Amino acid sequence: MKQYGLIGRSLSHSFSKKYFTEKFKKENISDCSYDLFEIDDIELFPKVLKEHSGLKGLNVTIPYKETILDFLTDIDENAAAIGAVNTIKLLTNSKSIVGYNTDYYGFKKSLKPFLDINHERALILGTGGAAKTIKHVLNELNIDCLFASRHPKKENEIAYNDINEYVVKHHQLIINSTPVGMFPNTENAPVLNYGSLTEKHLLYDLIYNPSETQFLKKGKEKGCITINGMQMLKLQAEKSWEIWNS
């Protein structure tokens with residue numbers, strides 16, 4: 001039996017196990033399983049590998065997409081450039097641990113069909129591992145990035161309270177890379193000048209549960225195009241499966 005799975009800190013509402021279990025059933029894949037590995041600290045990662053010698057591949061989620069780098073024996077070029085990994089391929093009894101970033105693939109492919117000439121500048125809410133992936137993709141697409149942070153430190157970062165009408169007007173692609181609004185705290189929304197949104201804006205939320213966050217609802221009320229994270233999630237999952245079986 002080939003074993004795959006997901007490591008993270010809190011996985012009770014994980015999409016991945018349900019997705020791969022249904023995939024295996026639908027495609028008559030009977031020699032594979034997908035399991036959840038909740039760990040309270042990334043230092044427990046080697047213990048997971050030792051206790052599950054049949055592991056062939058893992059997805060990595062919050063908060064270990066960056067700290068997992070210390071345990072890799074090799075890393076894909078895109079993942080190295082981003083500085084975050086969400087997919088691991090295990091070879092020769094876990095002695096070779098190769099990191100990839102399939103979020104990069106999923107985000108880029110799900111975003112591109114919606115881009116137009118208005119989206120030359122993007123405002124990214126958050127500065128964590130997911131934001132690094134977004135920045136890498138947008139740089140490839142020649143889209144300038146401005147980040148909103150609780151504690152801005154860099155030249156291209158501003159505080160949430162500084163997202164005024166001018167900022168919103170000149171950044172018609174706005175991406176939420178934070179967990180604000182995620183289940184179960186579905187009534188929350190990122191701090192943003194929602195009154196300045198227009199039908200020219202494209203709002204993308206990496207959250208997929210709920211399918212429509214308050215961030216997206218507020219955008220839709222202003223006529224914005226809105227996208228949630230479900231398509232990105234499905235695309236990155238299939239890319240993970242491709243990597244594991246290549």
# chains A, B, ... in the order shown; residues from 1 in each chain; ligands from 1
call {"tool": "select_by_dssp", "arguments": {"residues": "region 73-213 of chain A", "states": "helix (DSSP H, G or I)", "output": "number ranges by chain"}}
result
A: 77-82, 102-114, 129-140, 160-162, 165-169, 194-196
call {"tool": "write_last_selection", "arguments": {"atoms": "C-alpha atoms", "output": "CSV table (one decimal), in the first residue's frame"}}
result
chain,number,residue,atom,x,y,z
A,77,GLU,CA,13.7,25.7,-8.4
A,78,ASN,CA,10.4,27.5,-8.0
A,79,ALA,CA,10.0,26.4,-4.4
A,80,ALA,CA,13.5,27.6,-3.6
A,81,ALA,CA,12.8,31.0,-5.2
A,82,ILE,CA,9.6,31.3,-3.2
A,102,THR,CA,2.4,23.3,-6.2
A,103,ASP,CA,0.5,26.3,-4.7
A,104,TYR,CA,2.5,28.2,-7.3
A,105,TYR,CA,1.0,26.2,-10.1
A,106,GLY,CA,-2.5,26.2,-8.7
A,107,PHE,CA,-2.6,29.9,-8.1
A,108,LYS,CA,-1.1,30.9,-11.4
A,109,LYS,CA,-3.4,28.7,-13.5
A,110,SER,CA,-6.5,29.7,-11.6
A,111,LEU,CA,-5.8,33.4,-11.7
A,112,LYS,CA,-4.6,33.9,-15.3
A,113,PRO,CA,-8.0,33.6,-17.1
A,114,PHE,CA,-9.4,36.5,-15.1
A,129,GLY,CA,4.3,31.9,3.2
A,130,ALA,CA,1.3,32.1,0.9
A,131,ALA,CA,2.1,35.7,0.1
A,132,LYS,CA,5.5,34.7,-1.0
A,133,THR,CA,4.0,32.3,-3.5
A,134,ILE,CA,1.6,35.0,-4.8
A,135,LYS,CA,4.5,37.5,-5.2
A,136,HIS,CA,6.5,34.9,-7.2
A,137,VAL,CA,3.6,34.3,-9.6
A,138,LEU,CA,2.8,38.0,-10.0
A,139,ASN,CA,6.4,38.9,-10.6
A,140,GLU,CA,6.4,36.3,-13.5
A,160,TYR,CA,-3.7,47.9,7.0
A,161,ASN,CA,-5.0,51.2,8.2
A,162,ASP,CA,-3.1,52.9,5.4
A,165,GLU,CA,-9.1,55.2,-1.4
A,166,TYR,CA,-5.9,56.0,-3.4
A,167,VAL,CA,-4.4,52.6,-2.7
A,168,VAL,CA,-7.5,50.7,-3.6
A,169,LYS,CA,-8.1,52.8,-6.8
A,194,TYR,CA,-14.3,48.3,0.8
A,195,GLY,CA,-16.2,51.5,-0.2
A,196,SER,CA,-13.6,52.3,-2.8
call {"tool": "select_by_dssp", "arguments": {"residues": "region 61-240 of chain A", "states": "strand (DSSP E or B)", "output": "PDB file with N, CA and C atoms, in the first residue's frame"}}
result
ATOM      1  N   ASP A  74      16.627  18.072  -1.061  1.00  0.00           N
ATOM      2  CA  ASP A  74      16.667  18.762  -2.353  1.00  0.00           C
ATOM      3  C   ASP A  74      15.399  19.597  -2.475  1.00  0.00           C
ATOM      4  N   ILE A  75      15.431  20.599  -3.365  1.00  0.00           N
ATOM      5  CA  ILE A  75      14.273  21.473  -3.521  1.00  0.00           C
ATOM      6  C   ILE A  75      14.126  21.905  -4.973  1.00  0.00           C
ATOM      7  N   THR A  87       4.569  20.605  -0.962  1.00  0.00           N
ATOM      8  CA  THR A  87       4.516  19.227  -1.457  1.00  0.00           C
ATOM      9  C   THR A  87       5.897  18.602  -1.323  1.00  0.00           C
ATOM     10  N   ILE A  88       5.921  17.375  -0.811  1.00  0.00           N
ATOM     11  CA  ILE A  88       7.184  16.652  -0.618  1.00  0.00           C
ATOM     12  C   ILE A  88       7.092  15.300  -1.308  1.00  0.00           C
ATOM     13  N   LYS A  89       8.141  14.953  -2.028  1.00  0.00           N
ATOM     14  CA  LYS A  89       8.256  13.620  -2.613  1.00  0.00           C
ATOM     15  C   LYS A  89       9.325  12.857  -1.842  1.00  0.00           C
ATOM     16  N   LEU A  90       8.978  11.645  -1.408  1.00  0.00           N
ATOM     17  CA  LEU A  90       9.894  10.832  -0.608  1.00  0.00           C
ATOM     18  C   LEU A  90      10.397   9.656  -1.433  1.00  0.00           C
ATOM     19  N   LEU A  91      11.712   9.487  -1.456  1.00  0.00           N
ATOM     20  CA  LEU A  91      12.329   8.428  -2.247  1.00  0.00           C
ATOM     21  C   LEU A  91      13.260   7.601  -1.366  1.00  0.00           C
ATOM     22  N   SER A  96      15.693  10.450   0.675  1.00  0.00           N
ATOM     23  CA  SER A  96      15.658  11.584  -0.245  1.00  0.00           C
ATOM     24  C   SER A  96      14.318  12.293  -0.071  1.00  0.00           C
ATOM     25  N   ILE A  97      14.379  13.550   0.356  1.00  0.00           N
ATOM     26  CA  ILE A  97      13.173  14.332   0.646  1.00  0.00           C
ATOM     27  C   ILE A  97      13.216  15.591  -0.217  1.00  0.00           C
ATOM     28  N   VAL A  98      12.405  15.602  -1.261  1.00  0.00           N
ATOM     29  CA  VAL A  98      12.447  16.689  -2.252  1.00  0.00           C
ATOM     30  C   VAL A  98      11.214  17.578  -2.097  1.00  0.00           C
ATOM     31  N   GLY A  99      11.446  18.888  -2.005  1.00  0.00           N
ATOM     32  CA  GLY A  99      10.360  19.839  -1.803  1.00  0.00           C
ATOM     33  C   GLY A  99       9.938  20.551  -3.078  1.00  0.00           C
ATOM     34  N   TYR A 100       8.619  20.759  -3.209  1.00  0.00           N
ATOM     35  CA  TYR A 100       8.033  21.466  -4.348  1.00  0.00           C
ATOM     36  C   TYR A 100       7.003  22.471  -3.840  1.00  0.00           C
ATOM     37  N   ARG A 121      -1.205  46.237 -11.186  1.00  0.00           N
ATOM     38  CA  ARG A 121      -0.702  46.368  -9.810  1.00  0.00           C
ATOM     39  C   ARG A 121      -1.610  45.587  -8.870  1.00  0.00           C
ATOM     40  N   ALA A 122      -1.011  44.892  -7.916  1.00  0.00           N
ATOM     41  CA  ALA A 122      -1.775  44.067  -6.983  1.00  0.00           C
ATOM     42  C   ALA A 122      -1.505  44.484  -5.540  1.00  0.00           C
ATOM     43  N   LEU A 123      -2.559  44.439  -4.736  1.00  0.00           N
ATOM     44  CA  LEU A 123      -2.449  44.616  -3.293  1.00  0.00           C
ATOM     45  C   LEU A 123      -2.640  43.243  -2.662  1.00  0.00           C
ATOM     46  N   ILE A 124      -1.638  42.792  -1.917  1.00  0.00           N
ATOM     47  CA  ILE A 124      -1.688  41.472  -1.281  1.00  0.00           C
ATOM     48  C   ILE A 124      -1.854  41.664   0.222  1.00  0.00           C
ATOM     49  N   LEU A 125      -2.923  41.097   0.748  1.00  0.00           N
ATOM     50  CA  LEU A 125      -3.190  41.193   2.180  1.00  0.00           C
ATOM     51  C   LEU A 125      -2.473  40.049   2.881  1.00  0.00           C
ATOM     52  N   ASP A 144       3.070  44.432 -10.504  1.00  0.00           N
ATOM     53  CA  ASP A 144       3.721  45.004  -9.326  1.00  0.00           C
ATOM     54  C   ASP A 144       2.934  44.656  -8.064  1.00  0.00           C
ATOM     55  N   CYS A 145       3.636  44.436  -6.963  1.00  0.00           N
ATOM     56  CA  CYS A 145       3.007  44.004  -5.708  1.00  0.00           C
ATOM     57  C   CYS A 145       3.209  45.019  -4.589  1.00  0.00           C
ATOM     58  N   LEU A 146       2.134  45.274  -3.864  1.00  0.00           N
ATOM     59  CA  LEU A 146       2.176  46.036  -2.621  1.00  0.00           C
ATOM     60  C   LEU A 146       1.554  45.146  -1.540  1.00  0.00           C
ATOM     61  N   PHE A 147       2.221  45.042  -0.385  1.00  0.00           N
ATOM     62  CA  PHE A 147       1.751  44.152   0.669  1.00  0.00           C
ATOM     63  C   PHE A 147       1.165  44.944   1.832  1.00  0.00           C
ATOM     64  N   ALA A 148       0.082  44.421   2.407  1.00  0.00           N
ATOM     65  CA  ALA A 148      -0.464  44.984   3.643  1.00  0.00           C
ATOM     66  C   ALA A 148      -0.051  44.067   4.787  1.00  0.00           C
ATOM     67  N   SER A 149       0.502  44.649   5.827  1.00  0.00           N
ATOM     68  CA  SER A 149       1.032  43.877   6.947  1.00  0.00           C
ATOM     69  C   SER A 149       0.636  44.524   8.270  1.00  0.00           C
ATOM     70  N   GLU A 157       5.701  47.431   1.737  1.00  0.00           N
ATOM     71  CA  GLU A 157       4.691  47.028   2.706  1.00  0.00           C
ATOM     72  C   GLU A 157       4.063  48.254   3.359  1.00  0.00           C
ATOM     73  N   ILE A 158       2.734  48.179   3.577  1.00  0.00           N
ATOM     74  CA  ILE A 158       2.027  49.240   4.290  1.00  0.00           C
ATOM     75  C   ILE A 158       1.176  48.619   5.384  1.00  0.00           C
ATOM     76  N   ALA A 159       0.765  49.418   6.345  1.00  0.00           N
ATOM     77  CA  ALA A 159      -0.134  48.954   7.396  1.00  0.00           C
ATOM     78  C   ALA A 159      -1.559  48.879   6.843  1.00  0.00           C
ATOM     79  N   LEU A 173      -6.265  44.574  -8.526  1.00  0.00           N
ATOM     80  CA  LEU A 173      -6.198  43.164  -8.167  1.00  0.00           C
ATOM     81  C   LEU A 173      -5.849  43.107  -6.677  1.00  0.00           C
ATOM     82  N   ILE A 174      -6.757  42.550  -5.864  1.00  0.00           N
ATOM     83  CA  ILE A 174      -6.544  42.461  -4.418  1.00  0.00           C
ATOM     84  C   ILE A 174      -6.682  41.005  -3.989  1.00  0.00           C
ATOM     85  N   ILE A 175      -5.657  40.509  -3.309  1.00  0.00           N
ATOM     86  CA  ILE A 175      -5.594  39.089  -2.953  1.00  0.00           C
ATOM     87  C   ILE A 175      -5.471  38.945  -1.440  1.00  0.00           C
ATOM     88  N   ASN A 176      -6.368  38.161  -0.848  1.00  0.00           N
ATOM     89  CA  ASN A 176      -6.266  37.864   0.574  1.00  0.00           C
ATOM     90  C   ASN A 176      -5.485  36.580   0.778  1.00  0.00           C
ATOM     91  N   LEU A 202     -10.676  42.963  -9.207  1.00  0.00           N
ATOM     92  CA  LEU A 202     -10.699  41.508  -9.103  1.00  0.00           C
ATOM     93  C   LEU A 202     -10.223  41.144  -7.698  1.00  0.00           C
ATOM     94  N   LEU A 203     -11.087  40.457  -6.943  1.00  0.00           N
ATOM     95  CA  LEU A 203     -10.750  40.023  -5.590  1.00  0.00           C
ATOM     96  C   LEU A 203     -10.561  38.511  -5.567  1.00  0.00           C
ATOM     97  N   TYR A 204      -9.411  38.093  -5.076  1.00  0.00           N
ATOM     98  CA  TYR A 204      -9.084  36.665  -4.999  1.00  0.00           C
ATOM     99  C   TYR A 204      -8.806  36.333  -3.533  1.00  0.00           C
ATOM    100  N   ASP A 205      -9.550  35.364  -2.995  1.00  0.00           N
ATOM    101  CA  ASP A 205      -9.335  34.913  -1.616  1.00  0.00           C
ATOM    102  C   ASP A 205      -8.813  33.486  -1.643  1.00  0.00           C
ATOM    103  N   ILE A 225     -15.259  41.270  -9.644  1.00  0.00           N
ATOM    104  CA  ILE A 225     -15.094  39.844  -9.963  1.00  0.00           C
ATOM    105  C   ILE A 225     -14.474  39.199  -8.728  1.00  0.00           C
ATOM    106  N   THR A 226     -15.002  38.054  -8.303  1.00  0.00           N
ATOM    107  CA  THR A 226     -14.490  37.400  -7.090  1.00  0.00           C
ATOM    108  C   THR A 226     -14.143  35.937  -7.362  1.00  0.00           C
ATOM    109  N   ILE A 227     -13.055  35.487  -6.750  1.00  0.00           N
ATOM    110  CA  ILE A 227     -12.581  34.104  -6.902  1.00  0.00           C
ATOM    111  C   ILE A 227     -12.209  33.581  -5.520  1.00  0.00           C
TER     112      ILE A 227
END
call {"tool": "closest_residue", "arguments": {"among": "A:Lys95, A:Lys217, A:Arg150, A:Lys200", "to": "Ser53 (chain A)", "atoms": "only C-alpha atoms"}}
result
A:Lys95
